[in-house]
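Asks: Quick one: structure below, then a few questions.
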Amino acid sequence: MLLPIFKLFRNLLLLSLIGLLSCQSTPDNPRHDVHSYAKPAEALMTHLDLTLAVDFKNKQLDGKATLSIDNKTGTNQLHLDARDLTIDKVTLGSAETVTNFKLGEEDDFMGQPLIIDITPETELVNIYYKTSPAAVALQWLTPEQTSGKKHPFLFTQSQAILARTWVPCQDSPGIRFTYNATVKVDTALMAVMSAENGTERNNEGVYHFTMKQPIPAYLLALAVGDIEYRSLGPTSGVYAEPAMLAKAAFEFADTEKMITAAEALYGEYRWEKYDIIVLPPSFPFGGMENPRLTFATPTILAGDRSLVALIAHELAHSWSGNLVTNATWNDFWLNEGFTCYFEHRIMEEIYGEEYAGMLEQLAYQDAMDAVNDIGPTSKDTHLYLNLKGRDPDDGMTGVAYEKGRFFLQMLEDTFGREKWDAFLRDYFDRFAFKSMTSAEFVAHLNKELIKGDKALAEQVNIDAWIYGPGMPDNCPVPQSGEFDRVNAQIDTWLEGTAASALNTDNWTTHHWLHFLRNLPHEISTEQMTDLDNQFHFTKSGNSEIHHAWLMLAVKNSYAPANDAVENFLTSIGRLKFLRPLYQALAETPEGKEKALAIYEVARSGYHPVSYSTIDALLGWQQ
Ligand code: BES
Ligand code: ZN
């Protein structure tokens with residue numbers, strides 16, 4: 001009788017001891033990352049030395065990853081993240097002593113733990129591996145999918161937890177490492193990474209990279225293709241396929257100004273160079289803030305620089321995200337909410353209050369739409385998320401971006417710009433190259449700005465924003481005089497004035513977006529025709545305007561835009577455009593049929609990130 005009770009006590013004691021020892025990684029710890037198998041409190045990766053050969057024929061990277069390890073507890077095992085990787089061999093140290101490893105059970109989106117036998121003295125672990133053609137981070141493009149049509153193209157997308165599909169590593173935003181890489185490509189191609197890059201192609205097809213600032217794995221990035229470089233100024237430049245280079249350089253002419261404005265706001269740019277690479281149109285995002293080298297969609301090349309807020313956004317991530325990083329994907333708003341706020345400040349600085357005010361009002365509409373789509377009482381509208389057991393992409397909604405941004409706007413309004421800016425400058429400096437949890441941010445804000453003032457605490461109501469649903473009552477509501485002008489024209493048109501008689505002088509892309517987004521949901525074919533004849537939306541070369549119009553066309557079965565819908569969906573892979581269009585099509589039986597027919601053709605041109613989302617949306621079975 002005594003024995004089992006004794007055992008129970010002994011086990012409880014042991015359990016609590018283990019809990020204490022590994023307090024970095026207990027599940028209740030807000031720093032614990034539920035999306036990684038790594039055990040950084042035991043053995044931590046501090047540097048990566050990567051050698052890759054890029055094999056387009058087999059859609060495969062053939063790699064050796066040498067990880068520098070800080071063995072903190074003298075453990076005999078190193079825990080890494082891996083997904084769809086073939087591990088050929090693992091060795092230890094520069095002597096390359098072969099060691100044992102095992103791949104654990106496979107999870108749909110987490111992949112597998114890669115557990116390697118090490119010794120308490122191990123400093124280097126060499127992993128020989130190959131990627132799978134199905135690696136979700138990689139898109140292998142045929143020459144036909146590029147603008148030059150002659151050479152293939154490869155690019156990676158590691159955020160949120162896809163780095164593990166091309167590099168075995170500790171794939172957690174709270175873990176940082178420096179890296180070096182050597183990449184071998186066909187001599188007709190050039191390779192660039194989220195690191196110090198060359199600007200010239202070489203005859204050997206071998207490229208060397210160094211990233212001396214420590215970064216989390218989701219910022220590892222590689223692109224390979226027929227690309228060339230053009231400088232934009234002392235700190236910035238652009239890579240693109242030769243046919244796109246001049247257009248890209250024109251579009252991004254204000255990049256240097258943006259860097260200067262950003263530094264004046266929140267302190268020194270810590271990454272030396274800021275370059276942009278324009279990818280082929282299948283890139284699933286608008287932009288990705290890979291350090292030193294933003295990846296961008298060509299759909300922002302509007303020809304009039306009207307969509308460059310996206311560059312301000314990715315640049316702003318050089319502080320919010322890349323310098324001070326969300327500790328886990330539950331804290332994603334710390335990356336995106338801060339960045340949207342910072343983006344707005346850069347835009348205001350360069351293009352003025354009136355212009356930035358329009359962007360802010362569009363963002364406010366996005367915020368409201370995001371909250372309403374998810375459901376205003378849903379826990380997924382909290383800024384701090386609980387993504388345990390879910391794909392982190394589930395949490396990457398407009399809430400993190402726009403609710404996050406308006407939270408910071410409310411704080412600015414409360415404390416005044418001067419105090420608030422000083423707070424942010426200090427924040428980026430104090431926590432540079434570190435990660436941050438929501439709770440730590442709240443504690444810091446309390447300490448620095450609220451300082452125990454009860455009335456102030458009640459006024460800002462942090463809990464409602466971070467741990468509560470929907471848009472809190474104290475959310476600032478932006479106004480825009482420019483958009484009042486647009487509203488007046490919408491009313492005039494709805495009262496029967498012909499489109500040709502509307503006053504749209506000097507309207508920017510943003511006026512047009514507000515116009516299209518605020519038309520009634522139901523519009524007759526005559527009315528659609530009237531607008532189209534006058535403003536040529538079906539032929540618009542501005543991706544945002546074109547998309548907003550195609551949404552109206554689908555919802556109102558406006559047949560003259562059918563070809564444009566099909567053409568758009570088969571030539572562009574940006575998820576932000578694809579998802580709402582497919583969704584709108586899928587709302588009627590005929591539309592769904594059309595969507596499936598288009599998707600059948602388009603799917604093979606999409607990035608895995610895009611087609612996995614659209615597969616689910618359309619209930620697509622291969
Ligand atoms: N970091 C994001 C892109 C991302 C988020 C990729 C989550 C994978 C998972 C990037 O900074 C971003 O937010 N891009 C936006 C543009 C922006 C102007 C809102 C996009 O791609 O649309
Ligand atoms: Zn972002």
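How things are named: the first chain in the structure tokens is A, the next is B, and so on; residues count from 1 in each chain; ligands count from 1 in the order shown.
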Quick one: residues within 9 Å of Ile175 of chain A, only C-alpha atoms counted, chain neighbours fewer than 5 positions away excluded, as number ranges by chain?
Replies: A: 40, 44-46, 170, 214-217, 327, 434-435
Asks: Restricting it to C-alpha atoms, dump the selection as a compact mmCIF listing (two decimals), in the first residue's frame.
Replies:
# COMPACT_ATOMS: atom_id res chain seq x y z
CA PRO A 40 16.92 25.58 -26.87
CA LEU A 44 21.03 25.96 -28.72
CA MET A 45 22.04 26.56 -32.31
CA THR A 46 24.11 29.77 -32.62
CA GLN A 170 15.89 25.28 -34.79
CA PRO A 214 21.85 36.95 -35.70
CA ILE A 215 18.44 36.21 -37.24
CA PRO A 216 15.63 33.73 -36.61
CA ALA A 217 15.19 30.86 -39.10
CA ALA A 327 9.04 35.40 -29.47
CA LYS A 434 16.16 39.93 -29.03
CA SER A 435 12.68 38.49 -29.05
Asks: Which chains and residue numbers are within 8 Å of ligand 2, counting only C-alpha atoms and all ligand atoms, if I want them as a list in words?
Replies: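 Here is the list of contacting residues: Gly287, Met288, Glu289, His313, Glu314, His317, Asn335, Glu336, Thr339, Cys340 and Tyr401 of chain A.
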Asks: Got time to write the residues from that selection, all heavy atoms, as a CSV table (one decimal), in the first residue's frame?
Replies:
chain,number,residue,atom,x,y,z
A,287,GLY,N,4.9,41.2,-50.0
A,287,GLY,CA,6.4,41.3,-49.7
A,287,GLY,C,6.8,40.5,-48.6
A,287,GLY,O,5.9,40.0,-47.8
A,288,MET,N,8.0,40.2,-48.5
A,288,MET,CA,8.6,39.4,-47.4
A,288,MET,C,9.9,40.1,-46.9
A,288,MET,O,10.8,40.3,-47.8
A,288,MET,CB,8.8,38.0,-47.8
A,288,MET,CG,9.4,37.1,-46.7
A,288,MET,SD,8.4,37.0,-45.2
A,288,MET,CE,9.6,36.8,-43.9
A,289,GLU,N,10.0,40.4,-45.6
A,289,GLU,CA,11.0,41.2,-45.1
A,289,GLU,C,12.3,40.5,-44.9
A,289,GLU,O,13.0,40.7,-43.8
A,289,GLU,CB,10.5,41.9,-43.8
A,289,GLU,CG,10.3,40.9,-42.6
A,289,GLU,CD,8.9,40.2,-42.6
A,289,GLU,OE1,8.3,40.1,-43.6
A,289,GLU,OE2,8.5,39.8,-41.5
A,313,HIS,N,6.5,49.2,-45.7
A,313,HIS,CA,6.2,48.1,-44.7
A,313,HIS,C,7.4,47.2,-44.5
A,313,HIS,O,7.8,46.9,-43.4
A,313,HIS,CB,4.9,47.4,-45.2
A,313,HIS,CG,4.5,46.3,-44.3
A,313,HIS,ND1,3.5,46.4,-43.4
A,313,HIS,CD2,4.9,45.0,-44.2
A,313,HIS,CE1,3.4,45.2,-42.8
A,313,HIS,NE2,4.2,44.4,-43.3
A,314,GLU,N,7.9,46.6,-45.6
A,314,GLU,CA,9.0,45.6,-45.5
A,314,GLU,C,10.2,46.3,-44.9
A,314,GLU,O,10.9,45.6,-44.1
A,314,GLU,CB,9.2,45.0,-46.8
A,314,GLU,CG,8.0,44.3,-47.5
A,314,GLU,CD,7.2,43.4,-46.6
A,314,GLU,OE1,7.7,42.9,-45.6
A,314,GLU,OE2,6.0,43.2,-46.9
A,317,HIS,N,10.0,46.5,-41.2
A,317,HIS,CA,10.3,45.2,-40.5
A,317,HIS,C,11.8,45.1,-40.1
A,317,HIS,O,12.1,44.3,-39.3
A,317,HIS,CB,10.0,44.1,-41.4
A,317,HIS,CG,8.6,43.6,-41.3
A,317,HIS,ND1,8.0,43.2,-40.1
A,317,HIS,CD2,7.6,43.3,-42.2
A,317,HIS,CE1,6.7,42.7,-40.3
A,317,HIS,NE2,6.5,42.8,-41.6
A,335,ASN,N,5.1,41.7,-34.5
A,335,ASN,CA,5.8,42.0,-35.8
A,335,ASN,C,4.9,42.8,-36.7
A,335,ASN,O,5.4,43.9,-37.2
A,335,ASN,CB,6.0,40.6,-36.5
A,335,ASN,CG,7.3,39.9,-36.1
A,335,ASN,OD1,7.9,40.2,-35.1
A,335,ASN,ND2,7.8,39.0,-36.9
A,336,GLU,N,3.7,42.4,-36.9
A,336,GLU,CA,3.0,43.1,-38.0
A,336,GLU,C,2.2,44.3,-37.6
A,336,GLU,O,2.2,45.3,-38.3
A,336,GLU,CB,2.0,42.1,-38.6
A,336,GLU,CG,2.6,40.9,-39.3
A,336,GLU,CD,3.6,41.2,-40.5
A,336,GLU,OE1,3.5,42.4,-41.0
A,336,GLU,OE2,4.4,40.4,-40.8
A,339,THR,N,4.7,47.0,-37.4
A,339,THR,CA,5.2,47.3,-38.7
A,339,THR,C,4.2,48.2,-39.5
A,339,THR,O,4.6,49.1,-40.2
A,339,THR,CB,5.6,46.0,-39.5
A,339,THR,OG1,6.6,45.4,-38.8
A,339,THR,CG2,6.0,46.3,-40.9
A,340,CYS,N,2.9,47.8,-39.4
A,340,CYS,CA,1.9,48.7,-40.1
A,340,CYS,C,1.9,50.1,-39.5
A,340,CYS,O,1.7,51.0,-40.3
A,340,CYS,CB,0.5,48.0,-39.9
A,340,CYS,SG,0.3,46.5,-40.9
A,401,TYR,N,-2.3,42.7,-38.0
A,401,TYR,CA,-1.9,43.8,-38.8
A,401,TYR,C,-2.6,45.1,-38.3
A,401,TYR,O,-2.0,46.1,-37.9
A,401,TYR,CB,-2.1,43.6,-40.3
A,401,TYR,CG,-1.2,42.6,-40.9
A,401,TYR,CD1,-1.4,41.3,-40.8
A,401,TYR,CD2,-0.1,43.1,-41.7
A,401,TYR,CE1,-0.6,40.4,-41.4
A,401,TYR,CE2,0.8,42.2,-42.3
A,401,TYR,CZ,0.5,40.8,-42.2
A,401,TYR,OH,1.4,39.9,-42.8
Asks: Can you write out as JSON lines which residues of chain A fall within 10 Å of ligand 1, alongside each residue's closest atom pair and its distance in Å to one decimal, counting only C-alpha atoms and all ligand atoms and ordering rows by chain and ascending residue number?
Replies:
{"residue": "A:Gln157", "atom": "CA", "partner": "ligand 1", "partner_atom_place_in_ligand_line": "8 (C)", "distance": 7.4}
{"residue": "A:Ser158", "atom": "CA", "partner": "ligand 1", "partner_atom_place_in_ligand_line": "8 (C)", "distance": 7.4}
{"residue": "A:Gln159", "atom": "CA", "partner": "ligand 1", "partner_atom_place_in_ligand_line": "8 (C)", "distance": 4.5}
{"residue": "A:Ala160", "atom": "CA", "partner": "ligand 1", "partner_atom_place_in_ligand_line": "9 (C)", "distance": 5.0}
{"residue": "A:Ile161", "atom": "CA", "partner": "ligand 1", "partner_atom_place_in_ligand_line": "9 (C)", "distance": 8.5}
{"residue": "A:Leu162", "atom": "CA", "partner": "ligand 1", "partner_atom_place_in_ligand_line": "8 (C)", "distance": 9.2}
{"residue": "A:Tyr218", "atom": "CA", "partner": "ligand 1", "partner_atom_place_in_ligand_line": "8 (C)", "distance": 8.8}
{"residue": "A:Leu219", "atom": "CA", "partner": "ligand 1", "partner_atom_place_in_ligand_line": "1 (N)", "distance": 9.3}
{"residue": "A:Phe283", "atom": "CA", "partner": "ligand 1", "partner_atom_place_in_ligand_line": "21 (O)", "distance": 9.2}
{"residue": "A:Pro284", "atom": "CA", "partner": "ligand 1", "partner_atom_place_in_ligand_line": "21 (O)", "distance": 7.5}
{"residue": "A:Phe285", "atom": "CA", "partner": "ligand 1", "partner_atom_place_in_ligand_line": "21 (O)", "distance": 3.7}
{"residue": "A:Gly286", "atom": "CA", "partner": "ligand 1", "partner_atom_place_in_ligand_line": "21 (O)", "distance": 3.2}
{"residue": "A:Gly287", "atom": "CA", "partner": "ligand 1", "partner_atom_place_in_ligand_line": "21 (O)", "distance": 4.3}
{"residue": "A:Met288", "atom": "CA", "partner": "ligand 1", "partner_atom_place_in_ligand_line": "10 (C)", "distance": 4.5}
{"residue": "A:Glu289", "atom": "CA", "partner": "ligand 1", "partner_atom_place_in_ligand_line": "11 (O)", "distance": 5.4}
{"residue": "A:Asn290", "atom": "CA", "partner": "ligand 1", "partner_atom_place_in_ligand_line": "1 (N)", "distance": 8.5}
{"residue": "A:Thr294", "atom": "CA", "partner": "ligand 1", "partner_atom_place_in_ligand_line": "11 (O)", "distance": 9.0}
{"residue": "A:Phe295", "atom": "CA", "partner": "ligand 1", "partner_atom_place_in_ligand_line": "10 (C)", "distance": 9.2}
{"residue": "A:Ala296", "atom": "CA", "partner": "ligand 1", "partner_atom_place_in_ligand_line": "21 (O)", "distance": 8.1}
{"residue": "A:Thr297", "atom": "CA", "partner": "ligand 1", "partner_atom_place_in_ligand_line": "21 (O)", "distance": 8.1}
{"residue": "A:Leu307", "atom": "CA", "partner": "ligand 1", "partner_atom_place_in_ligand_line": "18 (C)", "distance": 9.0}
{"residue": "A:Val308", "atom": "CA", "partner": "ligand 1", "partner_atom_place_in_ligand_line": "18 (C)", "distance": 8.6}
{"residue": "A:Ala309", "atom": "CA", "partner": "ligand 1", "partner_atom_place_in_ligand_line": "18 (C)", "distance": 6.4}
{"residue": "A:Leu310", "atom": "CA", "partner": "ligand 1", "partner_atom_place_in_ligand_line": "18 (C)", "distance": 4.0}
{"residue": "A:Ile311", "atom": "CA", "partner": "ligand 1", "partner_atom_place_in_ligand_line": "18 (C)", "distance": 7.3}
{"residue": "A:Ala312", "atom": "CA", "partner": "ligand 1", "partner_atom_place_in_ligand_line": "18 (C)", "distance": 7.9}
{"residue": "A:His313", "atom": "CA", "partner": "ligand 1", "partner_atom_place_in_ligand_line": "18 (C)", "distance": 5.3}
{"residue": "A:Glu314", "atom": "CA", "partner": "ligand 1", "partner_atom_place_in_ligand_line": "11 (O)", "distance": 5.3}
{"residue": "A:Leu315", "atom": "CA", "partner": "ligand 1", "partner_atom_place_in_ligand_line": "11 (O)", "distance": 8.9}
{"residue": "A:Ala316", "atom": "CA", "partner": "ligand 1", "partner_atom_place_in_ligand_line": "11 (O)", "distance": 8.9}
{"residue": "A:His317", "atom": "CA", "partner": "ligand 1", "partner_atom_place_in_ligand_line": "11 (O)", "distance": 6.9}
{"residue": "A:Gly321", "atom": "CA", "partner": "ligand 1", "partner_atom_place_in_ligand_line": "1 (N)", "distance": 8.4}
{"residue": "A:Asn322", "atom": "CA", "partner": "ligand 1", "partner_atom_place_in_ligand_line": "1 (N)", "distance": 9.9}
{"residue": "A:Trp329", "atom": "CA", "partner": "ligand 1", "partner_atom_place_in_ligand_line": "7 (C)", "distance": 9.4}
{"residue": "A:Phe332", "atom": "CA", "partner": "ligand 1", "partner_atom_place_in_ligand_line": "7 (C)", "distance": 8.4}
{"residue": "A:Asn335", "atom": "CA", "partner": "ligand 1", "partner_atom_place_in_ligand_line": "1 (N)", "distance": 7.9}
{"residue": "A:Glu336", "atom": "CA", "partner": "ligand 1", "partner_atom_place_in_ligand_line": "13 (O)", "distance": 6.3}
{"residue": "A:Gly337", "atom": "CA", "partner": "ligand 1", "partner_atom_place_in_ligand_line": "13 (O)", "distance": 9.4}
{"residue": "A:Thr339", "atom": "CA", "partner": "ligand 1", "partner_atom_place_in_ligand_line": "11 (O)", "distance": 7.9}
{"residue": "A:Cys340", "atom": "CA", "partner": "ligand 1", "partner_atom_place_in_ligand_line": "19 (C)", "distance": 7.1}
{"residue": "A:Glu343", "atom": "CA", "partner": "ligand 1", "partner_atom_place_in_ligand_line": "18 (C)", "distance": 8.3}
{"residue": "A:Ala363", "atom": "CA", "partner": "ligand 1", "partner_atom_place_in_ligand_line": "19 (C)", "distance": 9.6}
{"residue": "A:Pro392", "atom": "CA", "partner": "ligand 1", "partner_atom_place_in_ligand_line": "9 (C)", "distance": 8.2}
{"residue": "A:Asp393", "atom": "CA", "partner": "ligand 1", "partner_atom_place_in_ligand_line": "9 (C)", "distance": 6.2}
{"residue": "A:Asp394", "atom": "CA", "partner": "ligand 1", "partner_atom_place_in_ligand_line": "9 (C)", "distance": 9.6}
{"residue": "A:Gly395", "atom": "CA", "partner": "ligand 1", "partner_atom_place_in_ligand_line": "7 (C)", "distance": 8.7}
{"residue": "A:Met396", "atom": "CA", "partner": "ligand 1", "partner_atom_place_in_ligand_line": "7 (C)", "distance": 5.7}
{"residue": "A:Thr397", "atom": "CA", "partner": "ligand 1", "partner_atom_place_in_ligand_line": "7 (C)", "distance": 8.6}
{"residue": "A:Gly398", "atom": "CA", "partner": "ligand 1", "partner_atom_place_in_ligand_line": "19 (C)", "distance": 8.7}
{"residue": "A:Ala400", "atom": "CA", "partner": "ligand 1", "partner_atom_place_in_ligand_line": "13 (O)", "distance": 9.8}
{"residue": "A:Tyr401", "atom": "CA", "partner": "ligand 1", "partner_atom_place_in_ligand_line": "19 (C)", "distance": 7.2}
{"residue": "A:Glu402", "atom": "CA", "partner": "ligand 1", "partner_atom_place_in_ligand_line": "19 (C)", "distance": 9.1}
{"residue": "A:Arg574", "atom": "CA", "partner": "ligand 1", "partner_atom_place_in_ligand_line": "21 (O)", "distance": 7.9}
{"residue": "A:Leu575", "atom": "CA", "partner": "ligand 1", "partner_atom_place_in_ligand_line": "22 (O)", "distance": 8.1}
{"residue": "A:Lys576", "atom": "CA", "partner": "ligand 1", "partner_atom_place_in_ligand_line": "22 (O)", "distance": 6.3}
{"residue": "A:Phe577", "atom": "CA", "partner": "ligand 1", "partner_atom_place_in_ligand_line": "22 (O)", "distance": 9.2}
{"residue": "A:Val609", "atom": "CA", "partner": "ligand 1", "partner_atom_place_in_ligand_line": "8 (C)", "distance": 8.9}
Asks: Could you check which of A:Leu550, A:Ala488, A:Leu50, A:Ile450 is closest to Thr66 of chain A, using only C-alpha atoms?
Replies: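 Using only C-alpha atoms, the shortest distance to Thr66 of chain A belongs to A:Leu50.
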Asks: Where in segment 73-212 of chain A does DSSP assign strand (DSSP E), given as a ChimeraX atom specification?
Replies: /A:77-82,86-92,97-98,101-103,112-117,124-130,138-141,153-156,176-184,190-193,206-212
Asks: Hey, which of A:Asn487, A:Leu552, A:Leu411, A:Leu618 ends up closest to Glu600 of chain A? Count only C-alpha atoms.
Replies: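 Answer, going by the shortest atom-to-atom distance: A:Leu618.
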Asks: Among segment 270-452 of chain A, which residues does DSSP mark as helix (DSSP H, G or I) when it is run on the backbone? Keep the chain and numbering as in the structure and answer as a PyMOL selection string.
Replies: chain A and resi 298-300+309-316+329-351+353-374+379-381+392-395+398-415+417-430+438-450
Asks: Find the residue from A:Leu617, A:Val601, A:Val206, A:Leu449 that sits nearest to Pro580 of chain A; use only C-alpha atoms when measuring.
Replies: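 Closest to Pro580 of chain A, using only C-alpha atoms: A:Leu617.
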Asks: Using only C-alpha atoms, which residues sit within 10 Å of Gly605 of chain A once same-chain residues fewer than 6 positions away are excluded, as JSON, numbers by chain?
Replies: {"A": [139, 140, 141, 142, 144, 145, 281, 282, 570, 571, 572, 573, 599, 611]}
Asks: Using only C-alpha atoms, which of A:Ile374, A:Asp84, A:Tyr384, A:Pro478 sits nearest Asp108 of chain A?
Replies: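 Between A:Ile374, A:Asp84, A:Tyr384, A:Pro478, the residue approaching Asp108 of chain A most closely is A:Asp84.
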Asks: When you draw a straight line from atom CA of Glu412 of chain A to atom CA of Tyr355 of chain A, how long is it in Å?
Replies: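 That distance, rounded to one decimal, is 19.2 Å.
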Asks: Find the residues around Ala246 of chain A up to 12 Å (only C-alpha atoms counted), leave out those fewer than 2 positions away in its own chain, and share them as a PyMOL selection string.
Replies: chain A and resi 228-232+237-244+248-253+278+301+303
Asks: Limited to N, CA and C atoms, could you put the picked residues into a file as a CSV table (one decimal), in the first residue's frame?
Replies:
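Below is the file result_30.csv, written as the result:
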chain,number,residue,atom,x,y,z
A,228,GLU,N,19.5,40.6,-62.4
A,228,GLU,CA,20.5,41.7,-62.5
A,228,GLU,C,20.3,42.7,-61.4
A,229,TYR,N,21.3,43.5,-61.1
A,229,TYR,CA,21.2,44.4,-60.0
A,229,TYR,C,21.3,45.9,-60.5
A,230,ARG,N,20.5,46.7,-59.9
A,230,ARG,CA,20.7,48.2,-60.2
A,230,ARG,C,20.7,48.9,-58.9
A,231,SER,N,21.7,49.8,-58.7
A,231,SER,CA,21.7,50.6,-57.4
A,231,SER,C,20.6,51.7,-57.4
A,232,LEU,N,20.1,51.9,-56.2
A,232,LEU,CA,19.1,53.0,-56.1
A,232,LEU,C,19.7,54.2,-55.3
A,237,GLY,N,19.3,49.1,-53.4
A,237,GLY,CA,19.3,48.7,-54.8
A,237,GLY,C,18.2,47.7,-55.1
A,238,VAL,N,18.1,47.3,-56.3
A,238,VAL,CA,17.1,46.4,-56.7
A,238,VAL,C,17.6,45.3,-57.6
A,239,TYR,N,17.2,44.0,-57.4
A,239,TYR,CA,17.4,42.9,-58.3
A,239,TYR,C,16.1,42.6,-59.0
A,240,ALA,N,16.2,42.2,-60.2
A,240,ALA,CA,15.0,41.8,-61.0
A,240,ALA,C,15.5,41.1,-62.2
A,241,GLU,N,14.6,40.4,-62.9
A,241,GLU,CA,14.9,39.9,-64.2
A,241,GLU,C,15.2,41.1,-65.1
A,242,PRO,N,16.1,40.9,-66.1
A,242,PRO,CA,16.5,42.1,-66.9
A,242,PRO,C,15.3,42.8,-67.5
A,243,ALA,N,14.2,42.1,-67.9
A,243,ALA,CA,13.1,42.8,-68.5
A,243,ALA,C,12.3,43.7,-67.5
A,244,MET,N,12.5,43.4,-66.2
A,244,MET,CA,11.7,44.2,-65.2
A,244,MET,C,12.6,45.3,-64.5
A,248,ALA,N,11.3,48.4,-62.2
A,248,ALA,CA,11.4,48.3,-60.8
A,248,ALA,C,12.2,49.5,-60.2
A,249,ALA,N,13.3,49.8,-60.9
A,249,ALA,CA,14.2,50.9,-60.4
A,249,ALA,C,13.4,52.2,-60.4
A,250,PHE,N,12.5,52.4,-61.4
A,250,PHE,CA,11.7,53.6,-61.4
A,250,PHE,C,10.7,53.6,-60.2
A,251,GLU,N,10.0,52.5,-60.0
A,251,GLU,CA,9.0,52.4,-59.0
A,251,GLU,C,9.6,52.6,-57.6
A,252,PHE,N,10.8,52.1,-57.4
A,252,PHE,CA,11.3,52.2,-56.0
A,252,PHE,C,12.3,53.3,-55.8
A,253,ALA,N,12.1,54.4,-56.6
A,253,ALA,CA,13.1,55.5,-56.5
A,253,ALA,C,13.1,56.2,-55.1
A,278,VAL,N,12.6,41.8,-57.0
A,278,VAL,CA,11.3,41.6,-57.6
A,278,VAL,C,11.2,40.2,-58.2
A,301,LEU,N,4.3,46.9,-59.1
A,301,LEU,CA,4.9,47.8,-60.1
A,301,LEU,C,3.8,48.4,-60.9
A,303,GLY,N,3.7,51.5,-62.1
A,303,GLY,CA,4.1,52.4,-63.1
A,303,GLY,C,4.0,53.9,-62.6
Asks: Counting only C-alpha atoms, which residue out of A:Arg390, A:Lys59, A:Lys273, A:Arg176 sits closest to Met110 of chain A?
Replies: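 Of all the options, A:Arg390 lies closest to Met110 of chain A.
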Asks: May I ask for the distance between atom CA of Thr377 of chain A and atom CA of Thr328 of chain A, given in Å to one decimal place?
Replies: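 If I compute the distance from atom CA of Thr377 of chain A to atom CA of Thr328 of chain A, I get 23.2 Å.
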Asks: Report as a PyMOL selection string all protein, DNA and RNA residues lying within 12 Å of segment 563-566 of chain A, evaluated on only C-alpha atoms, omitting residues in the same chain fewer than 3 positions from it.
Replies: chain A and resi 536-541+543+546-555+557-560+569-572+577-578+581-582+584-585+591+594-602
